[in-house]
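**Q** Here you go, entry.txt (compact mmCIF, C-alpha atoms):
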# COMPACT_ATOMS: atom_id res chain seq x y z
CA MET A 84 -10.31 90.54 36.77
CA SER A 85 -12.12 93.38 35.06
CA SER A 86 -15.75 92.66 34.22
CA LYS A 87 -15.09 93.96 30.70
CA LEU A 88 -12.57 91.71 29.08
CA THR A 89 -10.62 92.88 26.07
CA CYS A 90 -11.01 90.99 22.81
CA ASN A 91 -7.56 89.41 23.16
CA LYS A 92 -8.21 88.26 26.69
CA MET A 93 -11.55 86.71 25.71
CA HIS A 94 -9.95 84.79 22.88
CA LYS A 95 -7.10 83.71 25.14
CA THR A 96 -9.56 82.33 27.73
CA LEU A 97 -11.38 80.30 25.08
CA SER A 98 -8.20 79.23 23.28
CA GLU A 99 -6.66 77.97 26.51
CA HIS A 100 -9.80 75.98 27.22
CA VAL A 101 -10.00 74.51 23.73
CA SER A 102 -6.28 73.67 23.61
CA ARG A 103 -6.63 71.43 26.66
CA HIS A 104 -8.59 69.04 24.45
CA ILE A 105 -7.77 69.64 20.76
CA GLN A 106 -5.03 71.36 18.78
CA LEU A 107 -6.31 73.95 16.31
CA ASN A 108 -4.06 75.53 13.70
CA PRO A 109 -3.86 79.37 13.58
CA ASN A 110 -6.37 79.51 10.73
CA GLU A 111 -8.91 77.39 12.62
CA GLU A 112 -8.39 79.50 15.75
CA GLN A 113 -9.08 82.57 13.68
CA VAL A 114 -12.33 81.09 12.27
CA LEU A 115 -13.47 80.16 15.77
CA HIS A 116 -12.72 83.59 17.22
CA SER A 117 -14.35 85.50 14.39
CA THR A 118 -17.53 83.37 14.64
CA LEU A 119 -18.15 83.85 18.36
CA LYS A 120 -19.55 87.13 19.58
CA SER A 121 -19.08 88.52 23.06
CA LEU A 122 -21.94 89.65 25.24
CA GLN A 123 -22.04 91.45 28.59
CA LEU A 124 -24.88 90.73 30.99
CA LYS A 125 -26.00 92.66 34.02
CA PRO A 126 -27.20 90.73 37.09
CA LYS A 127 -30.67 89.23 36.45
CA GLU A 128 -30.40 89.63 32.66
CA TYR A 129 -31.61 86.61 30.66
CA LEU A 130 -29.98 84.66 27.85
CA LEU A 131 -33.03 82.39 27.54
CA LYS A 132 -36.57 82.47 28.91
CA GLU A 133 -38.98 79.54 28.99
CA TYR A 134 -41.12 79.13 25.84
CA GLU A 135 -38.36 80.69 23.72
CA ILE A 136 -36.29 78.56 21.37
CA CYS A 137 -32.67 78.35 22.44
CA ASN A 138 -30.57 79.50 19.50
CA ALA A 139 -27.06 79.61 20.90
CA TYR A 140 -24.33 77.93 22.94
CA TYR A 141 -22.76 80.20 25.56
CA PHE A 142 -19.20 80.02 26.89
CA VAL A 143 -18.79 81.77 30.24
CA LEU A 144 -15.75 84.08 30.40
CA SER A 145 -16.50 85.60 33.79
CA GLY A 146 -19.38 85.89 36.25
CA CYS A 147 -22.03 83.25 36.77
CA LEU A 148 -25.21 82.01 35.07
CA ARG A 149 -27.99 79.84 36.43
CA PHE A 150 -30.01 77.34 34.38
CA TYR A 151 -33.39 76.82 36.03
CA ARG A 152 -37.05 76.04 35.53
CA ASN A 153 -40.18 77.44 37.10
CA THR A 154 -41.91 74.53 38.80
CA GLU A 155 -45.65 73.88 39.01
CA ASN A 156 -45.70 74.87 42.67
CA GLY A 157 -44.29 78.31 41.92
CA THR A 158 -40.68 77.77 42.96
CA GLU A 159 -37.53 77.93 40.86
CA GLN A 160 -35.53 74.73 40.47
CA ILE A 161 -31.87 75.39 39.59
CA LEU A 162 -30.37 72.49 37.65
CA GLN A 163 -27.01 73.96 36.82
CA PHE A 164 -24.68 76.89 37.31
CA GLY A 165 -22.42 78.18 34.52
CA ILE A 166 -19.11 79.57 35.73
CA LYS A 167 -15.88 80.54 33.94
CA GLY A 168 -14.91 77.91 31.39
CA TRP A 169 -18.34 76.24 31.13
CA TRP A 170 -20.50 75.94 28.05
CA ILE A 171 -24.20 76.31 28.73
CA SER A 172 -27.31 76.00 26.54
CA ASP A 173 -30.62 74.20 26.36
CA TYR A 174 -29.18 71.65 23.95
CA GLN A 175 -32.50 69.89 23.38
CA SER A 176 -34.28 73.10 22.43
CA PHE A 177 -31.27 74.13 20.29
CA GLU A 178 -31.10 70.78 18.47
CA ASN A 179 -34.84 70.21 17.93
CA GLN A 180 -35.88 73.87 17.66
CA MET A 181 -38.50 73.31 20.35
CA PRO A 182 -39.60 75.92 22.90
CA SER A 183 -37.48 75.63 26.03
CA GLU A 184 -38.79 74.72 29.49
CA TYR A 185 -35.82 76.47 31.05
CA ASN A 186 -34.34 79.88 31.79
CA ILE A 187 -30.71 80.95 31.63
CA GLN A 188 -30.06 84.05 33.70
CA ALA A 189 -27.01 85.97 34.94
CA ILE A 190 -26.63 85.93 38.72
CA GLU A 191 -23.92 88.58 38.68
CA GLN A 192 -22.17 90.75 36.09
CA THR A 193 -21.34 88.10 33.47
CA GLU A 194 -19.51 87.97 30.18
CA VAL A 195 -20.07 85.22 27.63
CA LEU A 196 -19.02 84.23 24.14
CA VAL A 197 -21.99 83.35 21.95
CA LEU A 198 -22.03 80.67 19.26
CA GLU A 199 -25.23 81.31 17.36
CA ARG A 200 -27.18 78.53 15.65
CA LYS A 201 -27.05 80.34 12.32
CA ASP A 202 -23.21 80.18 12.37
CA TYR A 203 -22.91 76.78 13.98
CA LYS A 204 -23.02 74.44 10.97
CA GLN A 205 -20.66 76.60 8.97
CA LEU A 206 -18.20 76.71 11.90
CA PHE A 207 -18.28 72.92 12.37
CA ASN A 208 -17.78 72.46 8.62
CA GLU A 209 -14.78 74.75 8.61
CA VAL A 210 -13.33 73.43 11.88
CA PRO A 211 -14.52 69.80 12.13
CA LEU A 212 -12.16 69.22 15.08
CA LEU A 213 -14.67 71.20 17.15
CA ASN A 214 -16.95 68.15 17.06
CA ASN A 215 -14.28 66.39 19.05
CA TYR A 216 -14.01 69.29 21.51
CA PHE A 217 -17.78 69.50 22.05
CA ARG A 218 -18.02 65.70 22.33
CA ILE A 219 -15.59 65.92 25.26
CA MET A 220 -17.48 68.90 26.76
CA MET A 221 -20.80 66.99 26.58
CA GLN A 222 -19.14 63.89 28.03
CA LYS A 223 -17.83 65.91 30.97
CA ALA A 224 -21.21 67.56 31.54
CA TYR A 225 -22.90 64.16 31.36
CA THR A 226 -20.57 62.47 33.86
CA ALA A 227 -20.92 65.47 36.21
CA SER A 228 -24.73 65.21 36.09
CA LEU A 229 -24.60 61.43 36.70
CA LYS A 230 -22.43 62.19 39.74
CA LYS A 231 -25.01 64.71 40.92
CA ILE A 232 -27.82 62.12 40.58
CA GLU A 233 -25.69 59.77 42.66
CA LEU A 234 -25.15 62.40 45.35
CA ILE A 235 -28.86 63.23 45.53
CA LEU A 236 -29.86 59.57 45.77
CA CYS A 237 -27.08 58.28 48.03
CA GLN A 238 -26.24 61.17 50.36
CA SER A 239 -28.13 63.15 52.97
CA ALA A 240 -28.75 66.85 52.34
CA GLU A 241 -26.09 67.68 54.96
CA GLU A 242 -23.48 65.43 53.31
CA ARG A 243 -24.24 67.03 49.93
CA TYR A 244 -23.76 70.50 51.37
CA VAL A 245 -20.47 69.60 53.10
CA GLN A 246 -19.12 68.00 49.92
CA PHE A 247 -20.15 70.92 47.68
CA ASN A 248 -18.66 73.40 50.14
CA LYS A 249 -15.39 71.50 50.18
CA ALA A 250 -15.24 71.31 46.38
CA PHE A 251 -16.28 74.93 45.65
CA PRO A 252 -15.67 77.08 48.79
CA ASP A 253 -15.38 80.42 46.93
CA PHE A 254 -18.41 79.77 44.78
CA VAL A 255 -20.54 78.98 47.84
CA GLN A 256 -19.68 82.43 49.20
CA ARG A 257 -20.55 84.13 45.91
CA ILE A 258 -24.09 82.96 45.26
CA PRO A 259 -27.30 83.73 47.16
CA GLN A 260 -28.16 81.14 49.77
CA TYR A 261 -31.59 80.34 48.30
CA MET A 262 -30.03 79.50 44.92
CA LEU A 263 -27.51 77.14 46.49
CA ALA A 264 -30.36 75.48 48.41
CA SER A 265 -32.37 75.05 45.20
CA PHE A 266 -29.38 73.55 43.36
CA LEU A 267 -28.62 71.11 46.17
CA GLY A 268 -32.28 70.14 46.51
CA PHE A 269 -33.33 71.51 49.90
CA THR A 270 -34.99 74.56 51.43
CA PRO A 271 -33.14 77.80 52.27
CA GLN A 272 -34.22 77.26 55.93
CA PHE A 273 -32.44 73.93 55.98
CA LEU A 274 -29.31 75.46 54.43
CA SER A 275 -29.40 78.25 57.00
CA MET A 276 -29.58 75.65 59.79
CA LEU A 277 -26.58 73.80 58.30
CA ARG A 278 -24.57 77.03 58.10
CA SER A 279 -25.29 77.94 61.72
CA LYS A 280 -24.25 74.43 62.76
CA LYS A 281 -21.00 74.82 60.79
CA ARG A 282 -20.29 78.24 62.35
CA TYR A 283 -20.93 76.79 65.80
CA ALA A 284 -18.66 73.80 65.13
CA THR A 285 -15.89 76.15 63.94
CA SER A 286 -16.26 78.50 66.93
CA VAL A 287 -15.94 75.71 69.54
CA LYS A 288 -12.90 74.06 67.92
CA MET B 48 -35.97 38.66 18.46
CA SER B 49 -33.33 35.97 18.68
CA SER B 50 -30.78 36.56 21.40
CA LYS B 51 -28.03 35.74 18.91
CA LEU B 52 -28.10 38.32 16.17
CA THR B 53 -26.43 37.61 12.87
CA CYS B 54 -23.56 39.83 11.79
CA ASN B 55 -25.70 41.59 9.18
CA LYS B 56 -28.49 42.31 11.65
CA MET B 57 -26.04 43.73 14.19
CA HIS B 58 -24.54 46.04 11.62
CA LYS B 59 -27.99 47.05 10.42
CA THR B 60 -29.07 47.97 13.96
CA LEU B 61 -26.00 50.16 14.45
CA SER B 62 -26.14 51.63 10.93
CA GLU B 63 -29.77 52.62 11.35
CA HIS B 64 -28.91 54.31 14.63
CA VAL B 65 -25.90 56.15 13.23
CA SER B 66 -27.74 57.22 10.06
CA ARG B 67 -30.32 59.10 12.12
CA HIS B 68 -27.59 61.57 12.96
CA ILE B 69 -24.78 61.44 10.39
CA GLN B 70 -24.35 60.13 6.84
CA LEU B 71 -21.42 57.76 6.43
CA ASN B 72 -20.20 56.62 3.02
CA PRO B 73 -19.95 52.83 2.37
CA ASN B 74 -16.23 52.85 3.09
CA GLU B 75 -16.70 54.60 6.46
CA GLU B 76 -19.54 52.19 7.34
CA GLN B 77 -17.19 49.30 6.56
CA VAL B 78 -14.44 50.74 8.81
CA LEU B 79 -16.94 51.21 11.65
CA HIS B 80 -18.35 47.69 11.36
CA SER B 81 -14.98 46.01 11.12
CA THR B 82 -13.72 47.89 14.22
CA LEU B 83 -16.57 46.97 16.55
CA LYS B 84 -16.70 43.47 18.00
CA SER B 85 -19.86 41.75 19.18
CA LEU B 86 -20.22 40.22 22.60
CA GLN B 87 -22.93 38.05 24.13
CA LEU B 88 -23.59 38.32 27.86
CA LYS B 89 -25.53 35.99 30.12
CA PRO B 90 -27.68 37.49 32.87
CA LYS B 91 -25.48 38.82 35.71
CA GLU B 92 -22.33 38.88 33.56
CA TYR B 93 -20.20 42.01 33.94
CA LEU B 94 -18.71 44.36 31.36
CA LEU B 95 -17.07 46.45 34.08
CA LYS B 96 -16.45 46.01 37.79
CA GLU B 97 -15.50 48.75 40.23
CA TYR B 98 -11.73 49.39 40.57
CA GLU B 99 -11.20 48.22 36.97
CA ILE B 100 -10.34 50.74 34.24
CA CYS B 101 -13.12 51.04 31.69
CA ASN B 102 -11.58 50.37 28.29
CA ALA B 103 -14.56 50.33 25.94
CA TYR B 104 -17.78 51.95 24.80
CA TYR B 105 -20.69 49.49 24.49
CA PHE B 106 -23.64 49.75 22.10
CA VAL B 107 -26.62 47.65 23.23
CA LEU B 108 -28.14 45.56 20.43
CA SER B 109 -30.59 43.61 22.60
CA GLY B 110 -31.23 42.87 26.27
CA CYS B 111 -30.49 45.26 29.10
CA LEU B 112 -27.52 46.48 31.13
CA ARG B 113 -27.43 48.32 34.42
CA PHE B 114 -24.81 50.91 35.42
CA TYR B 115 -24.55 51.01 39.21
CA ARG B 116 -22.33 51.61 42.20
CA ASN B 117 -22.00 49.85 45.52
CA THR B 118 -22.78 52.43 48.18
CA GLU B 119 -21.13 52.82 51.58
CA ASN B 120 -24.18 51.44 53.34
CA GLY B 121 -24.00 48.20 51.37
CA THR B 122 -26.76 48.84 48.84
CA GLU B 123 -26.53 49.11 45.07
CA GLN B 124 -27.43 52.45 43.49
CA ILE B 125 -28.48 52.14 39.84
CA LEU B 126 -27.75 55.31 37.90
CA GLN B 127 -28.64 54.16 34.43
CA PHE B 128 -30.05 51.34 32.34
CA GLY B 129 -28.70 50.53 28.88
CA ILE B 130 -31.33 49.21 26.46
CA LYS B 131 -31.36 48.66 22.69
CA GLY B 132 -29.84 51.63 20.87
CA TRP B 133 -27.97 53.08 23.90
CA TRP B 134 -24.24 53.58 24.25
CA ILE B 135 -22.93 52.91 27.75
CA SER B 136 -19.51 53.28 29.37
CA ASP B 137 -17.80 54.87 32.33
CA TYR B 138 -16.60 57.75 30.16
CA GLN B 139 -14.55 59.35 32.93
CA SER B 140 -12.63 56.16 33.63
CA PHE B 141 -12.23 55.57 29.87
CA GLU B 142 -10.97 59.09 29.17
CA ASN B 143 -8.66 59.49 32.19
CA GLN B 144 -7.68 55.83 32.57
CA MET B 145 -8.71 55.92 36.21
CA PRO B 146 -10.18 52.96 38.14
CA SER B 147 -13.95 53.06 37.91
CA GLU B 148 -16.32 53.48 40.85
CA TYR B 149 -19.08 51.76 38.87
CA ASN B 150 -20.24 48.39 37.60
CA ILE B 151 -21.86 47.58 34.26
CA GLN B 152 -23.77 44.30 34.40
CA ALA B 153 -26.25 42.45 32.18
CA ILE B 154 -29.70 42.10 33.74
CA GLU B 155 -30.86 39.65 31.09
CA GLN B 156 -29.35 37.89 28.05
CA THR B 157 -27.71 40.86 26.32
CA GLU B 158 -25.80 41.47 23.13
CA VAL B 159 -23.51 44.44 22.66
CA LEU B 160 -21.10 45.88 20.13
CA VAL B 161 -17.76 46.81 21.69
CA LEU B 162 -15.60 49.78 20.69
CA GLU B 163 -12.30 49.14 22.43
CA ARG B 164 -10.04 51.98 23.56
CA LYS B 165 -7.11 50.55 21.60
CA ASP B 166 -9.10 50.95 18.34
CA TYR B 167 -10.85 54.16 19.25
CA LYS B 168 -8.35 56.82 18.12
CA GLN B 169 -7.69 55.03 14.85
CA LEU B 170 -11.45 54.76 14.18
CA PHE B 171 -12.05 58.46 14.89
CA ASN B 172 -9.11 59.35 12.66
CA GLU B 173 -10.46 57.28 9.81
CA VAL B 174 -14.10 58.31 10.33
CA PRO B 175 -13.95 61.81 11.86
CA LEU B 176 -17.72 62.22 11.40
CA LEU B 177 -18.10 59.86 14.36
CA ASN B 178 -17.07 62.76 16.60
CA ASN B 179 -20.24 64.45 15.48
CA TYR B 180 -22.31 61.31 16.16
CA PHE B 181 -20.85 60.82 19.64
CA ARG B 182 -21.21 64.53 20.41
CA ILE B 183 -24.95 64.15 19.76
CA MET B 184 -25.10 60.90 21.79
CA MET B 185 -23.39 62.61 24.75
CA GLN B 186 -25.67 65.62 24.40
CA LYS B 187 -28.74 63.38 24.51
CA ALA B 188 -27.42 61.47 27.52
CA TYR B 189 -26.63 64.76 29.26
CA THR B 190 -30.07 66.30 28.68
CA ALA B 191 -31.71 63.04 29.82
CA SER B 192 -29.72 63.07 33.05
CA LEU B 193 -30.56 66.76 33.66
CA LYS B 194 -34.22 65.81 33.22
CA LYS B 195 -33.76 63.03 35.75
CA ILE B 196 -32.22 65.45 38.29
CA GLU B 197 -35.24 67.68 37.76
CA LEU B 198 -37.67 64.80 38.35
CA ILE B 199 -35.89 63.73 41.53
CA LEU B 200 -35.81 67.27 42.90
CA CYS B 201 -39.25 68.47 41.76
CA GLN B 202 -41.50 65.42 41.91
CA SER B 203 -42.66 63.04 44.61
CA ALA B 204 -41.58 59.39 44.42
CA GLU B 205 -45.12 58.46 43.34
CA GLU B 206 -45.17 61.05 40.52
CA ARG B 207 -41.76 59.75 39.33
CA TYR B 208 -43.02 56.19 39.25
CA VAL B 209 -46.23 57.09 37.37
CA GLN B 210 -44.29 59.11 34.80
CA PHE B 211 -41.65 56.41 34.27
CA ASN B 212 -44.36 53.77 33.95
CA LYS B 213 -46.18 55.84 31.34
CA ALA B 214 -42.99 56.46 29.34
CA PHE B 215 -41.61 52.89 29.48
CA PRO B 216 -44.46 50.45 30.28
CA ASP B 217 -42.81 47.36 28.72
CA PHE B 218 -39.46 48.07 30.33
CA VAL B 219 -41.07 48.37 33.79
CA GLN B 220 -42.46 44.84 33.36
CA ARG B 221 -39.07 43.46 32.27
CA ILE B 222 -36.80 44.49 35.13
CA PRO B 223 -36.78 43.32 38.75
CA GLN B 224 -38.74 45.53 41.08
CA TYR B 225 -35.80 46.28 43.40
CA MET B 226 -33.75 47.57 40.45
CA LEU B 227 -36.50 49.91 39.32
CA ALA B 228 -36.84 51.17 42.90
CA SER B 229 -33.08 51.81 43.09
CA PHE B 230 -33.09 53.69 39.77
CA LEU B 231 -36.06 55.86 40.78
CA GLY B 232 -34.57 56.53 44.20
CA PHE B 233 -36.86 54.75 46.65
CA THR B 234 -37.15 51.45 48.51
CA PRO B 235 -38.60 48.24 46.97
CA GLN B 236 -41.22 48.32 49.76
CA PHE B 237 -42.39 51.75 48.63
CA LEU B 238 -42.55 50.59 45.01
CA SER B 239 -44.54 47.52 46.05
CA MET B 240 -47.00 49.79 47.89
CA LEU B 241 -47.36 51.98 44.77
CA ARG B 242 -48.00 48.93 42.58
CA SER B 243 -50.71 47.59 44.92
CA LYS B 244 -52.34 51.02 44.93
CA LYS B 245 -52.29 51.06 41.10
CA ARG B 246 -53.80 47.54 40.89
CA TYR B 247 -56.50 48.57 43.35
CA ALA B 248 -57.27 51.77 41.38
CA THR B 249 -57.51 49.74 38.15
CA SER B 250 -59.79 47.07 39.72
CA VAL B 251 -62.34 49.59 41.06
CA LYS B 252 -62.59 51.61 37.81
Is it possible to give me this structure as structure tokens?

**A**
Amino acid sequence: MSSKLTCNKMHKTLSEHVSRHIQLNPNEEQVLHSTLKSLQLKPKEYLLKEYEICNAYYFVLSGCLRFYRNTENGTEQILQFGIKGWWISDYQSFENQMPSEYNIQAIEQTEVLVLERKDYKQLFNEVPLLNNYFRIMMQKAYTASLKKIELILCQSAEERYVQFNKAFPDFVQRIPQYMLASFLGFTPQFLSMLRSKKRYATSVK
Amino acid sequence: MSSKLTCNKMHKTLSEHVSRHIQLNPNEEQVLHSTLKSLQLKPKEYLLKEYEICNAYYFVLSGCLRFYRNTENGTEQILQFGIKGWWISDYQSFENQMPSEYNIQAIEQTEVLVLERKDYKQLFNEVPLLNNYFRIMMQKAYTASLKKIELILCQSAEERYVQFNKAFPDFVQRIPQYMLASFLGFTPQFLSMLRSKKRYATSVK
């Protein structure tokens, strides 16, 4: 897929996603599409930096974002990735208009649709069904993060890596090793050891 | 507070909670209250057992619930507590009508309001603003669980315990030690050691 999506393609990607959960009429679709703006990001470009107030929801059309914080010991802790079809934001900062503790940054060439806070109330007033859609999105994000807590608490680092690799094999190849290690909660050295072990196991099969 | 709330008190507790986020008119309030049923649970009684399909959302009026799974190594992993003012459910099982992997059980005498799946669509049709309310509830639950992932990945077990104790001192006194240890991701022995250390530090001040 081209990194520069046409307007029609962008709308189609979002419309397909929305229509899995709610049915908008053509007028509502039109309001939604005209409210969201598209934005292209180069690798390492930021949508949000810590101490800023988060003033938008972002829908990923292509590429990949990471949501992370700078920890007290000088490392970066990745809490989430945003890939095609995901909404990402610092919802707490957005809702309460508080400075964020997090950063949202493009890992690769990334294209997003932006729902700005200044347009948000008007959009939800005009298309109230979107409350239903975002309720389902939040519910999905919440159950996914509960599942992640469970994996961290119940599984070994190696089991977590094997499971993630099985679920998202292409994604694992796409992102830098140290970011995957941060997301899964272990050091890049440990991840490197796991990968060598896997290569060895494959080569002696 | 009495463990058996009167009908008016129950409705007041829910209404106060809802009104922090959305404004319902008297008719909508009436529809909401007449749809939700109240339920009293004795300690150890279940709202959901693994392999069952979760067919309700529960709003905690008093007492405490735990949301947990039985792990492969025979332990119980607590992922969440439900205290006054929290909604709890296995949303994935509810939404997809799949057997749950989790259990929801009362830790103490608990009273909940029940929104059953059979009434749920009708309620949201009659009071569409509830989509907005539940969107905010899900958003809060999601940001809280992201914060928990961050604590588990960035902090030591001792730091987690100190922080939790500072945030919820009364709650820490109310629940059995082994449940708190499970929720915070360490053994009851480790928690016991931390508590002795804290008592010692307090006694030599």

**Q** If you take all atoms listed in the file and a cut-off of 10 Å, which residues of chain A touch chain B, and what are their nearest atom pairs and distances in Å to one decimal, in chain and number order, as a tab-separated table?

**A**
residue	atom	partner	partner_atom	distance
A:Tyr151	CA	B:Glu197	CA	9.5
A:Arg152	CA	B:Glu197	CA	8.8
A:Thr154	CA	B:Cys201	CA	7.2
A:Glu155	CA	B:Cys201	CA	8.8
A:Asn156	CA	B:Cys201	CA	9.1
A:Thr158	CA	B:Cys201	CA	9.5
A:Glu159	CA	B:Cys201	CA	9.7
A:Gln160	CA	B:Cys201	CA	7.4
A:Ile161	CA	B:Glu197	CA	8.6
A:Leu162	CA	B:Glu197	CA	6.8
A:Gln163	CA	B:Leu193	CA	8.6
A:Asp173	CA	B:Thr190	CA	8.3
A:Tyr174	CA	B:Gln186	CA	7.0
A:Gln175	CA	B:Thr190	CA	6.8
A:Glu178	CA	B:Ile183	CA	9.1
A:Phe207	CA	B:Asn179	CA	9.2
A:Pro211	CA	B:Pro175	CA	8.0
A:Leu212	CA	B:Asn178	CA	8.3
A:Leu213	CA	B:Asn178	CA	8.8
A:Asn214	CA	B:Asn179	CA	5.2
A:Asn215	CA	B:Asn178	CA	5.2
A:Tyr216	CA	B:Arg182	CA	8.7
A:Phe217	CA	B:Arg182	CA	6.3
A:Arg218	CA	B:Arg182	CA	3.9
A:Ile219	CA	B:Arg182	CA	7.6
A:Met220	CA	B:Arg182	CA	8.6
A:Met221	CA	B:Met185	CA	5.4
A:Gln222	CA	B:Met185	CA	5.5
A:Lys223	CA	B:Gln139	CA	7.6
A:Ala224	CA	B:Tyr189	CA	6.5
A:Tyr225	CA	B:Tyr189	CA	4.3
A:Thr226	CA	B:Gln139	CA	6.8
A:Ala227	CA	B:Tyr189	CA	9.0
A:Ser228	CA	B:Ser192	CA	6.2
A:Leu229	CA	B:Ser192	CA	6.5
A:Lys230	CA	B:Leu126	CA	8.9
A:Lys231	CA	B:Ile196	CA	7.7
A:Ile232	CA	B:Ile196	CA	6.0
A:Glu233	CA	B:Leu126	CA	6.8
A:Ile235	CA	B:Ile199	CA	8.1
A:Leu236	CA	B:Gly232	CA	5.8
A:Cys237	CA	B:Thr118	CA	7.3
A:Gln238	CA	B:Thr118	CA	9.6
A:Ser265	CA	B:Leu200	CA	8.8
A:Phe266	CA	B:Leu200	CA	9.0
A:Leu267	CA	B:Leu200	CA	8.8
A:Gly268	CA	B:Leu200	CA	5.8
A:Phe269	CA	B:Leu200	CA	8.6

**Q** Between B:Leu227, B:Leu198, B:Val174, B:Leu83, which residue has the minimum interatomic distance to B:Leu162, considering all atoms listed in the file?

**A**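 Looking only at the distances to B:Leu162, the closest residue turns out to be B:Leu83.
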
**Q** Can you tell me how far atom CA of B:Leu61 sits from atom CA of B:Gly132, in Å to one decimal?

**A**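 Distance between the two atoms: 7.6 Å.
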
**Q** Around the point (-16.6, 47.8, 41.1) in the file's coordinates, collect all residues with an atom within 6 Å, using only C-alpha atoms, and return them as a PyMOL selection string.

**A** chain B and resi 96-98+148-150

**Q** How big is the axis-aligned box around the listed atoms of stretch 219-235 of chain A once 4 Å is added on each side, and where is its centre? Give both in Å to one decimal, as lines of an AutoDock Vina configuration file.

**A**
center_x = -22.2
center_y = 64.3
center_z = 35.4
size_x = 21.3
size_y = 17.1
size_z = 28.3

**Q** Quick one: distance from atom CA of B:Pro90 to atom CA of B:Thr157 in Å, one decimal?

**A**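 Between atom CA of B:Pro90 and atom CA of B:Thr157 the gap works out to 7.4 Å.
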
**Q** Find the residues around A:Val255 up to 12 Å (all atoms listed in the file counted), leave out those fewer than 4 positions away in its own chain, and share them as a tab-separated table (two decimals) with C-alpha atoms, keeping the file's coordinate frame.

**A**
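Wrote out-v4.tsv, looks like this:
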chain	number	residue	atom	x	y	z
A	147	CYS	CA	-22.03	83.25	36.77
A	164	PHE	CA	-24.68	76.89	37.31
A	244	TYR	CA	-23.76	70.50	51.37
A	245	VAL	CA	-20.47	69.60	53.10
A	246	GLN	CA	-19.12	68.00	49.92
A	247	PHE	CA	-20.15	70.92	47.68
A	248	ASN	CA	-18.66	73.40	50.14
A	249	LYS	CA	-15.39	71.50	50.18
A	250	ALA	CA	-15.24	71.31	46.38
A	251	PHE	CA	-16.28	74.93	45.65
A	259	PRO	CA	-27.30	83.73	47.16
A	260	GLN	CA	-28.16	81.14	49.77
A	261	TYR	CA	-31.59	80.34	48.30
A	262	MET	CA	-30.03	79.50	44.92
A	263	LEU	CA	-27.51	77.14	46.49
A	264	ALA	CA	-30.36	75.48	48.41
A	266	PHE	CA	-29.38	73.55	43.36
A	267	LEU	CA	-28.62	71.11	46.17
A	274	LEU	CA	-29.31	75.46	54.43
A	278	ARG	CA	-24.57	77.03	58.10

**Q** One decimal, Å: what's the distance from atom CA of B:Met240 over to atom CA of B:Gly129, could you say?

**A**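 Taking atom CA of B:Met240 as the start and atom CA of B:Gly129 as the end point, the length is 26.4 Å.
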